[in-house]
>>> print(open('query20.cif').read())   # mmCIF, C-alpha atoms and all ligand atoms
data_structure
loop_
_atom_site.label_atom_id
_atom_site.label_comp_id
_atom_site.auth_asym_id
_atom_site.auth_seq_id
_atom_site.Cartn_x
_atom_site.Cartn_y
_atom_site.Cartn_z
CA MET K 15 0.00 0.00 0.00
CA ILE K 16 1.36 3.42 -0.97
CA HIS K 17 0.97 6.17 1.66
CA PHE K 18 0.53 9.81 0.66
CA VAL K 19 2.90 10.69 3.53
CA ASP K 20 4.54 7.65 5.09
CA LEU K 21 4.55 8.48 8.81
CA GLN K 22 4.54 4.80 9.78
CA THR K 23 7.93 3.98 8.28
CA GLN K 24 9.25 7.23 9.72
CA TYR K 25 8.21 6.23 13.24
CA THR K 26 9.57 2.69 12.95
CA SER K 27 12.89 4.11 11.69
CA TYR K 28 13.34 6.28 14.81
CA LYS K 29 11.25 4.20 17.24
CA THR K 30 13.96 3.45 19.81
CA GLU K 31 14.99 7.10 20.09
CA ILE K 32 11.44 8.48 20.09
CA ASP K 33 10.10 5.97 22.61
CA ALA K 34 13.02 6.75 24.96
CA ALA K 35 12.41 10.50 24.58
CA ILE K 36 8.70 10.13 25.39
CA HIS K 37 9.45 7.91 28.39
CA ASN K 38 11.89 10.47 29.77
CA VAL K 39 9.12 13.05 29.77
CA LEU K 40 6.70 10.60 31.38
CA ASP K 41 9.25 9.85 34.10
CA SER K 42 9.88 13.56 34.70
CA SER K 43 6.12 14.33 34.80
CA GLN K 44 6.92 17.85 33.52
CA TYR K 45 4.27 17.69 30.81
CA ILE K 46 3.95 21.46 30.38
CA MET K 47 7.05 23.65 29.89
CA GLY K 48 9.41 20.77 30.72
CA LYS K 49 13.12 21.12 30.01
CA GLU K 50 12.80 19.58 26.52
CA VAL K 51 10.94 22.71 25.36
CA LYS K 52 14.01 24.90 26.05
CA THR K 53 16.35 22.30 24.54
CA LEU K 54 14.26 22.18 21.38
CA GLU K 55 14.15 25.98 21.11
CA GLN K 56 17.95 26.11 21.34
CA ALA K 57 18.26 23.42 18.66
CA LEU K 58 15.81 25.28 16.39
CA SER K 59 17.80 28.50 16.82
CA GLU K 60 21.03 26.70 15.99
CA TYR K 61 19.44 25.18 12.91
CA THR K 62 17.94 28.41 11.54
CA HIS K 63 20.53 30.86 12.96
CA VAL K 64 17.68 32.95 14.37
CA LYS K 65 18.20 34.34 17.88
CA HIS K 66 14.77 33.52 19.31
CA SER K 67 12.84 30.34 18.55
CA ILE K 68 9.59 30.34 20.46
CA THR K 69 7.69 27.08 20.26
CA CYS K 70 3.92 27.04 20.51
CA SER K 71 0.78 24.92 20.19
CA ASN K 72 0.51 24.75 16.36
CA GLY K 73 1.20 26.65 13.16
CA THR K 74 -2.13 28.48 13.24
CA ASP K 75 -1.55 29.77 16.77
CA ALA K 76 1.96 30.79 15.69
CA LEU K 77 0.34 33.04 13.07
CA LEU K 78 -2.21 34.30 15.60
CA LEU K 79 0.61 35.14 18.05
CA ALA K 80 2.52 36.91 15.26
CA LEU K 81 -0.49 39.15 14.63
CA LEU K 82 -1.13 39.74 18.35
CA ALA K 83 2.55 40.62 18.94
CA ASN K 84 2.35 43.18 16.13
CA GLY K 85 -0.91 44.65 17.42
CA ILE K 86 -2.84 43.80 14.27
CA GLY K 87 -6.60 43.95 14.68
CA VAL K 88 -9.87 45.57 13.69
CA GLY K 89 -9.64 47.79 10.61
CA ASP K 90 -6.13 46.69 9.65
CA GLU K 91 -5.26 45.05 6.34
CA VAL K 92 -2.81 42.21 5.84
CA ILE K 93 -1.53 41.23 2.40
CA THR K 94 -1.24 37.50 1.74
CA SER K 95 -1.65 34.75 -0.85
CA PRO K 96 -5.02 33.26 -1.82
CA PHE K 97 -3.37 29.98 -2.88
CA THR K 98 -2.70 28.16 0.39
CA PHE K 99 -4.25 26.49 3.40
CA ILE K 100 -6.81 28.73 5.10
CA ALA K 101 -4.92 29.23 8.41
CA THR K 102 -3.11 32.43 7.40
CA ALA K 103 -6.14 34.33 6.13
CA GLU K 104 -8.26 32.76 8.87
CA VAL K 105 -6.30 34.28 11.76
CA ILE K 106 -6.18 37.65 9.97
CA ALA K 107 -9.99 37.62 9.78
CA LEU K 108 -10.30 36.22 13.31
CA MET K 109 -8.44 39.29 14.60
CA GLY K 110 -10.96 41.52 12.81
CA ALA K 111 -8.43 42.52 10.16
CA VAL K 112 -8.96 42.08 6.42
CA PRO K 113 -6.98 39.58 4.33
CA VAL K 114 -5.97 41.37 1.13
CA PHE K 115 -5.09 38.78 -1.50
CA VAL K 116 -2.46 39.22 -4.19
CA ASP K 117 -2.18 36.79 -7.11
CA ILE K 118 0.61 34.22 -7.31
CA ASP K 119 3.59 33.52 -9.54
CA MET K 120 2.84 31.00 -12.32
CA ILE K 121 6.11 29.09 -11.74
CA THR K 122 6.54 28.87 -7.94
CA TYR K 123 2.90 29.39 -6.85
CA ASN K 124 4.16 31.87 -4.23
CA ILE K 125 2.73 35.39 -3.91
CA ASP K 126 3.86 37.58 -6.84
CA PRO K 127 6.08 40.31 -5.34
CA ASN K 128 5.50 42.55 -8.38
CA GLN K 129 1.83 42.93 -7.46
CA ILE K 130 2.23 43.61 -3.75
CA GLU K 131 2.84 47.35 -3.88
CA ASP K 132 -0.42 48.00 -5.70
CA ALA K 133 -2.28 46.34 -2.81
CA ILE K 134 -0.73 48.52 -0.09
CA THR K 135 -3.01 51.13 1.50
CA PRO K 136 -2.62 53.34 4.61
CA ARG K 137 -4.28 50.51 6.56
CA THR K 138 -1.81 47.79 5.53
CA LYS K 139 -0.06 46.49 8.66
CA ALA K 140 1.73 43.35 7.46
CA ILE K 141 2.60 41.19 4.50
CA ILE K 142 2.46 37.43 5.07
CA PRO K 143 4.01 35.49 2.20
CA ILE K 144 3.64 31.72 2.40
CA SER K 145 6.59 29.58 1.28
CA ILE K 146 4.29 27.18 -0.50
CA PHE K 147 5.01 23.47 -1.05
CA GLY K 148 8.38 23.94 0.68
CA GLN K 149 9.96 26.56 -1.60
CA PRO K 150 10.69 29.97 -0.03
CA ALA K 151 8.75 32.92 -1.46
CA ASP K 152 10.67 35.88 -2.99
CA MET K 153 11.55 37.02 0.50
CA ASP K 154 14.22 39.64 -0.24
CA GLU K 155 11.95 41.53 -2.64
CA ILE K 156 9.05 41.31 -0.19
CA VAL K 157 11.09 42.38 2.85
CA GLU K 158 12.43 45.32 0.81
CA ILE K 159 8.87 46.41 -0.03
CA GLY K 160 7.96 46.09 3.66
CA GLN K 161 10.91 48.25 4.71
CA ARG K 162 10.08 50.90 2.14
CA HIS K 163 6.50 51.16 3.43
CA HIS K 164 7.23 50.49 7.15
CA ILE K 165 5.14 47.33 7.07
CA THR K 166 6.30 44.18 8.83
CA VAL K 167 6.80 40.93 6.92
CA ILE K 168 5.96 37.56 8.45
CA GLU K 169 7.02 34.45 6.54
CA ASP K 170 4.50 31.62 6.92
CA ALA K 171 7.08 28.83 6.75
CA ALA K 172 4.67 26.06 7.78
CA GLN K 173 5.65 24.09 4.67
CA SER K 174 9.26 25.20 4.26
CA PHE K 175 11.16 24.54 7.49
CA GLY K 176 14.63 23.40 6.42
CA ALA K 177 14.57 25.05 2.98
CA SER K 178 17.28 27.53 1.98
CA TYR K 179 17.16 30.88 0.21
CA LYS K 180 20.39 32.58 -0.88
CA SER K 181 22.17 30.33 1.66
CA ARG K 182 19.97 31.43 4.58
CA LYS K 183 17.33 29.16 6.07
CA SER K 184 13.59 29.65 5.73
CA CYS K 185 12.38 31.23 9.03
CA ASN K 186 15.47 33.51 8.91
CA LEU K 187 14.37 35.65 5.95
CA SER K 188 12.07 38.26 7.52
CA PRO K 189 11.59 40.13 10.84
CA LEU K 190 9.29 37.34 12.05
CA ALA K 191 8.48 33.84 10.79
CA THR K 192 6.16 31.03 11.80
CA THR K 193 6.17 27.32 11.17
CA SER K 194 4.03 24.26 11.89
CA PHE K 195 5.01 20.87 13.25
CA PHE K 196 1.77 19.18 12.12
CA PRO K 197 2.74 15.50 11.59
CA ALA K 198 2.76 15.63 7.78
CA LYS K 199 4.89 18.79 7.52
CA PRO K 200 8.59 18.47 6.61
CA LEU K 201 9.45 18.65 10.34
CA GLY K 202 6.43 17.16 12.09
CA CYS K 203 5.76 16.05 15.64
CA TYR K 204 3.22 13.39 16.63
CA GLY K 205 0.41 15.76 17.50
CA ASP K 206 0.12 19.53 17.09
CA GLY K 207 3.03 21.94 17.37
CA GLY K 208 4.49 25.14 15.94
CA SER K 209 7.13 27.79 16.40
CA LEU K 210 7.91 31.46 15.80
CA PHE K 211 11.33 32.87 14.89
CA THR K 212 12.68 36.38 15.35
CA ASN K 213 15.91 38.26 16.07
CA ASP K 214 13.91 41.05 17.77
CA ASP K 215 14.11 40.82 21.59
CA ASP K 216 10.94 42.89 22.17
CA ILE K 217 8.78 40.87 19.80
CA ALA K 218 10.17 37.64 21.26
CA ASN K 219 9.31 38.71 24.81
CA ARG K 220 5.84 39.80 23.79
CA ILE K 221 5.20 36.45 22.10
CA ARG K 222 6.41 34.50 25.15
CA VAL K 223 3.98 36.44 27.37
CA LEU K 224 1.09 36.16 24.87
CA LEU K 225 1.36 32.40 24.49
CA ASN K 226 1.10 31.93 28.25
CA HIS K 227 -2.12 33.85 29.00
CA GLY K 228 -0.42 37.25 28.99
CA GLN K 229 1.34 36.17 32.18
CA THR K 230 4.65 37.81 33.21
CA GLU K 231 4.82 36.29 36.70
CA ARG K 232 2.65 33.60 38.22
CA TYR K 233 -0.96 34.91 38.18
CA LYS K 234 0.16 38.35 37.04
CA HIS K 235 -1.36 39.06 33.62
CA THR K 236 -0.29 42.16 31.70
CA CYS K 237 -2.24 41.54 28.50
CA ILE K 238 -4.84 39.23 26.98
CA GLY K 239 -3.11 36.18 25.55
CA ILE K 240 -3.87 32.55 24.79
CA ASN K 241 -2.92 29.08 25.95
CA GLY K 242 -0.44 28.53 23.15
CA ARG K 243 2.30 26.38 24.68
CA LEU K 244 3.92 23.35 23.08
CA ASP K 245 3.55 20.08 25.04
CA THR K 246 6.80 18.72 26.46
CA ILE K 247 6.21 15.31 24.83
CA GLN K 248 5.96 16.95 21.40
CA ALA K 249 9.16 18.90 22.12
CA ALA K 250 10.95 15.65 23.04
CA ILE K 251 9.80 14.03 19.78
CA LEU K 252 10.89 17.07 17.78
CA ILE K 253 14.39 17.03 19.32
CA VAL K 254 14.82 13.51 17.90
CA LYS K 255 13.21 14.32 14.57
CA LEU K 256 15.25 17.49 14.03
CA LYS K 257 18.43 15.37 14.17
CA HIS K 258 17.15 13.41 11.18
CA LEU K 259 15.73 16.35 9.25
CA ASP K 260 18.66 16.99 6.93
CA GLU K 261 18.78 13.30 5.91
CA GLU K 262 15.04 13.47 5.22
CA ILE K 263 15.41 16.67 3.18
CA THR K 264 18.15 15.04 1.10
CA ALA K 265 15.88 12.04 0.51
CA ARG K 266 12.93 14.27 -0.42
CA ASN K 267 15.08 16.10 -2.96
CA ARG K 268 16.37 12.82 -4.42
CA ILE K 269 12.78 11.56 -4.68
CA ALA K 270 11.62 14.83 -6.29
CA LYS K 271 14.41 14.62 -8.89
CA GLN K 272 13.47 10.99 -9.54
CA TYR K 273 9.83 12.01 -10.10
CA ASP K 274 11.02 14.74 -12.51
CA ASN K 275 12.91 12.10 -14.52
CA LEU K 276 10.23 9.42 -14.37
CA LEU K 277 7.48 11.83 -15.41
CA HIS K 278 9.48 13.26 -18.29
CA GLY K 279 7.47 12.88 -21.50
CA SER K 280 4.17 12.61 -19.62
CA GLU K 281 1.59 15.38 -19.84
CA LEU K 282 2.41 16.58 -16.31
CA LEU K 283 4.09 19.89 -15.57
CA THR K 284 6.62 19.11 -12.83
CA PRO K 285 7.73 21.62 -10.13
CA THR K 286 10.31 24.36 -10.78
CA ILE K 287 12.64 25.44 -7.99
CA ARG K 288 14.42 28.75 -8.50
CA PRO K 289 18.24 28.47 -8.66
CA ASP K 290 18.84 30.73 -5.61
CA ARG K 291 16.79 28.53 -3.26
CA THR K 292 15.99 24.95 -2.30
CA SER K 293 12.72 23.24 -1.53
CA VAL K 294 11.90 20.71 1.16
CA PHE K 295 9.05 19.41 -1.03
CA ALA K 296 6.33 19.56 1.59
CA GLN K 297 4.33 18.58 -1.48
CA TYR K 298 5.40 17.30 -4.85
CA SER K 299 2.74 19.12 -6.85
CA VAL K 300 2.25 18.82 -10.59
CA ARG K 301 -0.17 20.32 -13.06
CA SER K 302 -2.32 18.95 -15.83
CA LYS K 303 -5.24 20.26 -17.88
CA ASN K 304 -6.47 16.68 -17.73
CA ARG K 305 -6.40 16.46 -13.93
CA ASP K 306 -9.68 14.63 -13.34
CA ASN K 307 -8.75 11.75 -15.64
CA ILE K 308 -5.29 11.34 -14.14
CA LEU K 309 -6.64 11.42 -10.59
CA ALA K 310 -9.23 8.78 -11.52
CA LYS K 311 -6.55 6.59 -13.11
CA LEU K 312 -4.37 6.83 -9.97
CA ALA K 313 -7.32 6.24 -7.64
CA ALA K 314 -8.26 3.09 -9.59
CA LYS K 315 -4.80 1.72 -8.73
CA ALA K 316 -5.10 2.77 -5.05
CA ILE K 317 -2.45 5.46 -5.44
CA PRO K 318 -3.31 8.31 -3.04
CA THR K 319 -3.27 11.89 -4.30
CA ALA K 320 -4.45 15.25 -2.94
CA ILE K 321 -5.37 18.62 -4.38
CA HIS K 322 -3.48 21.49 -2.78
CA TYR K 323 -5.62 23.60 -3.13
CA PRO K 324 -8.94 23.13 -4.91
CA ILE K 325 -10.65 26.39 -3.86
CA PRO K 326 -8.83 29.75 -3.73
CA LEU K 327 -9.34 31.49 -0.41
CA TYR K 328 -11.20 34.44 -1.94
CA ARG K 329 -13.90 31.98 -3.07
CA GLN K 330 -14.28 30.29 0.34
CA GLU K 331 -17.71 30.65 1.91
CA ALA K 332 -16.04 31.72 5.17
CA PHE K 333 -14.93 34.94 3.42
CA ALA K 334 -18.19 35.51 1.52
CA ASN K 335 -18.75 38.82 3.34
CA LEU K 336 -15.52 40.22 1.90
CA THR K 337 -16.74 40.11 -1.74
CA TYR K 338 -13.50 39.50 -3.63
CA ASP K 339 -13.37 39.59 -7.42
CA SER K 340 -12.01 36.30 -8.87
CA ALA K 341 -11.07 38.11 -12.07
CA LYS K 342 -8.20 39.76 -10.19
CA PHE K 343 -6.50 36.39 -9.68
CA PRO K 344 -6.07 34.77 -13.10
CA ILE K 345 -3.00 32.72 -12.14
CA THR K 346 -4.58 31.33 -8.99
CA GLU K 347 -7.71 30.47 -11.03
CA THR K 348 -5.65 28.49 -13.56
CA VAL K 349 -3.44 26.74 -11.01
CA THR K 350 -6.31 25.63 -8.75
CA LYS K 351 -7.91 23.91 -11.75
CA GLU K 352 -4.76 22.02 -12.75
CA ILE K 353 -2.70 21.29 -9.64
CA PHE K 354 -2.48 18.08 -7.64
CA SER K 355 0.06 16.38 -5.38
CA LEU K 356 1.65 12.95 -5.65
CA PRO K 357 2.76 10.81 -2.69
CA MET K 358 5.87 12.35 -1.10
CA SER K 359 7.90 11.59 1.99
CA ALA K 360 11.49 10.68 2.76
CA PHE K 361 10.41 7.03 2.91
CA LEU K 362 8.76 6.64 -0.49
CA THR K 363 10.44 3.65 -2.17
CA ASP K 364 11.91 3.53 -5.69
CA SER K 365 9.53 0.74 -6.68
CA ASP K 366 6.46 2.66 -5.49
CA GLN K 367 7.65 5.73 -7.37
CA GLU K 368 8.23 3.72 -10.53
CA TYR K 369 4.76 2.21 -10.23
CA ILE K 370 3.16 5.66 -9.81
CA ALA K 371 4.96 6.93 -12.92
CA GLU K 372 3.99 3.83 -14.88
CA VAL K 373 0.30 4.36 -14.09
CA ILE K 374 0.58 8.03 -15.10
CA HIS K 375 2.18 7.10 -18.43
CA GLU K 376 -0.50 4.45 -19.20
CA LYS K 377 -2.76 5.42 -22.07
C1 LIG R 401 -0.26 23.60 7.91
C2 LIG R 401 -0.25 25.03 7.64
C3 LIG R 401 -0.63 25.98 8.61
C4 LIG R 401 -1.24 25.60 9.92
O1 LIG R 401 -0.47 24.81 10.74
P1 LIG R 401 -1.19 23.94 11.89
O2 LIG R 401 -0.01 23.48 12.70
O3 LIG R 401 -1.92 22.84 11.23
O4 LIG R 401 -2.06 24.85 12.66
C5 LIG R 401 -0.49 27.31 8.31
N1 LIG R 401 -0.05 27.73 7.11
C6 LIG R 401 0.29 26.85 6.15
C7 LIG R 401 0.80 27.36 4.85
C8 LIG R 401 0.19 25.48 6.37
O5 LIG R 401 0.52 24.63 5.38
#
>>> encode(input="query20.cif", output="structure tokens")
Amino acid sequence: MIHFVDLQTQYTSYKTEIDAAIHNVLDSSQYIMGKEVKTLEQALSEYTHVKHSITCSNGTDALLLALLANGIGVGDEVITSPFTFIATAEVIALMGAVPVFVDIDMITYNIDPNQIEDAITPRTKAIIPISIFGQPADMDEIVEIGQRHHITVIEDAAQSFGASYKSRKSCNLSPLATTSFFPAKPLGCYGDGGSLFTNDDDIANRIRVLLNHGQTERYKHTCIGINGRLDTIQAAILIVKLKHLDEEITARNRIAKQYDNLLHGSELLTPTIRPDRTSVFAQYSVRSKNRDNILAKLAAKAIPTAIHYPIPLYRQEAFANLTYDSAKFPITETVTKEIFSLPMSAFLTDSDQEYIAEVIHEK
């Protein structure tokens, strides 16, 4: 059986280490804010070369904390991509701010930096590019636009932890970044988890207070926050998994290259990674004008696939009150009709990959 993301083989590969790490936490009984949380944050900072890594409950709360720490709320506008998972736009709207969507680049599917400036108004408070499918967005161009207009930039690196951009790591490309440790992400835990990254001491302190009920000392609350802490058991699992991340990223890139070769000559448009960056292939997403037929053919052979993403955010019912005009997003419209993702994980075997390609090539 082919898994879309093979978490089972991953666990069995690291089982001894992970089981020991979990048992250590159980023996310590420090389930909340145990010492593994600090250890993980230090390891994340070493990995990304960002001064402050602040772990939290999940990638969505990381985004929420990023907005709270920047004081973004009612009446503010935040520029972001319409071609992604809902979490980013969701927390913007949840705070009473307005998600302002900008169309994407036809090649990378990331927000098109050339269209951002036209979307800036006096109410714009932040730009949140998403490094989609594991490939960093055009962060230098976007950060430069932010600086010019005194607007902060927050990289949503939920899919790109471990990727590089001009020899810096994703999460170290903007004043603030967020990631997710959802199990199927490139660095996943075995439950929910997330982190924020910043070199700014003030923002870091604010986030640490916000994620613990606005508490500065025991039962002294200086602002309204949330319960946004990462569980110690998840931190312990992540410490183990982070040690294996670079091997997994190498495997994902080898597998992606193999897909590129195997699918050559098929009708599928394979992913393009820009030469100044790397991808961690959170998804291996391809495009076809004949998507429905190919998906049916794969499903008939029990090969799992997924569509990331079938409905652009500006057409989601949840945002119906915001009355966006689809005509302003021609690239997103095209890509959402053609894109789909093939099985991808560091543990996908050569024979499974060859079989997938064979089915795709079948007439
Ligand atoms: C997964 C994801 C999130 C949300 O992360 P959770 O940990 O599931 O809350 C946010 N943004 C993007 C782009 C994601 O892919």
>>> residues_around(input="query20.cif", residues="Ile325 (chain K)", least_positions_apart="6", cutoff="9 Å", atoms="all atoms listed in the file", output="tab-separated table (two decimals) with C-alpha atoms, keeping the file's coordinate frame")
chain	number	residue	atom	x	y	z
K	97	PHE	CA	-3.37	29.98	-2.88
K	347	GLU	CA	-7.71	30.47	-11.03
K	350	THR	CA	-6.31	25.63	-8.75
K	351	LYS	CA	-7.91	23.91	-11.75
>>> residues_near_ligand(input="query20.cif", ligand="ligand LIG 401 (chain R)", cutoff="7 Å", atoms="all atoms listed in the file", output="CSV table (one decimal) with C-alpha atoms, keeping the file's coordinate frame")
chain,number,residue,atom,x,y,z
K,72,ASN,CA,0.5,24.8,16.4
K,73,GLY,CA,1.2,26.6,13.2
K,74,THR,CA,-2.1,28.5,13.2
K,75,ASP,CA,-1.6,29.8,16.8
K,98,THR,CA,-2.7,28.2,0.4
K,99,PHE,CA,-4.2,26.5,3.4
K,101,ALA,CA,-4.9,29.2,8.4
K,102,THR,CA,-3.1,32.4,7.4
K,144,ILE,CA,3.6,31.7,2.4
K,146,ILE,CA,4.3,27.2,-0.5
K,170,ASP,CA,4.5,31.6,6.9
K,171,ALA,CA,7.1,28.8,6.8
K,172,ALA,CA,4.7,26.1,7.8
K,173,GLN,CA,5.6,24.1,4.7
K,194,SER,CA,4.0,24.3,11.9
K,195,PHE,CA,5.0,20.9,13.2
K,196,PHE,CA,1.8,19.2,12.1
K,206,ASP,CA,0.1,19.5,17.1
K,207,GLY,CA,3.0,21.9,17.4
K,208,GLY,CA,4.5,25.1,15.9
>>> closest_residue(input="query20.cif", among="K:Asp339, K:Glu331, K:Glu91, K:Glu262", to="Leu362 (chain K)", atoms="only C-alpha atoms")
K:Glu262
>>> residues_around(input="query20.cif", residues="region 22-32 of chain K", least_positions_apart="3", cutoff="10 Å", atoms="all atoms listed in the file", output="count of residues only")
20
>>> atom_distance(input="query20.cif", atom1="CA of Leu225 (chain K)", atom2="CA of Cys203 (chain K)")
19.1 Å
>>> closest_residue(input="query20.cif", among="K:Ile141, K:Ile269, K:Leu21, K:Val51", to="Gly202 (chain K)", atoms="all atoms listed in the file")
K:Leu21
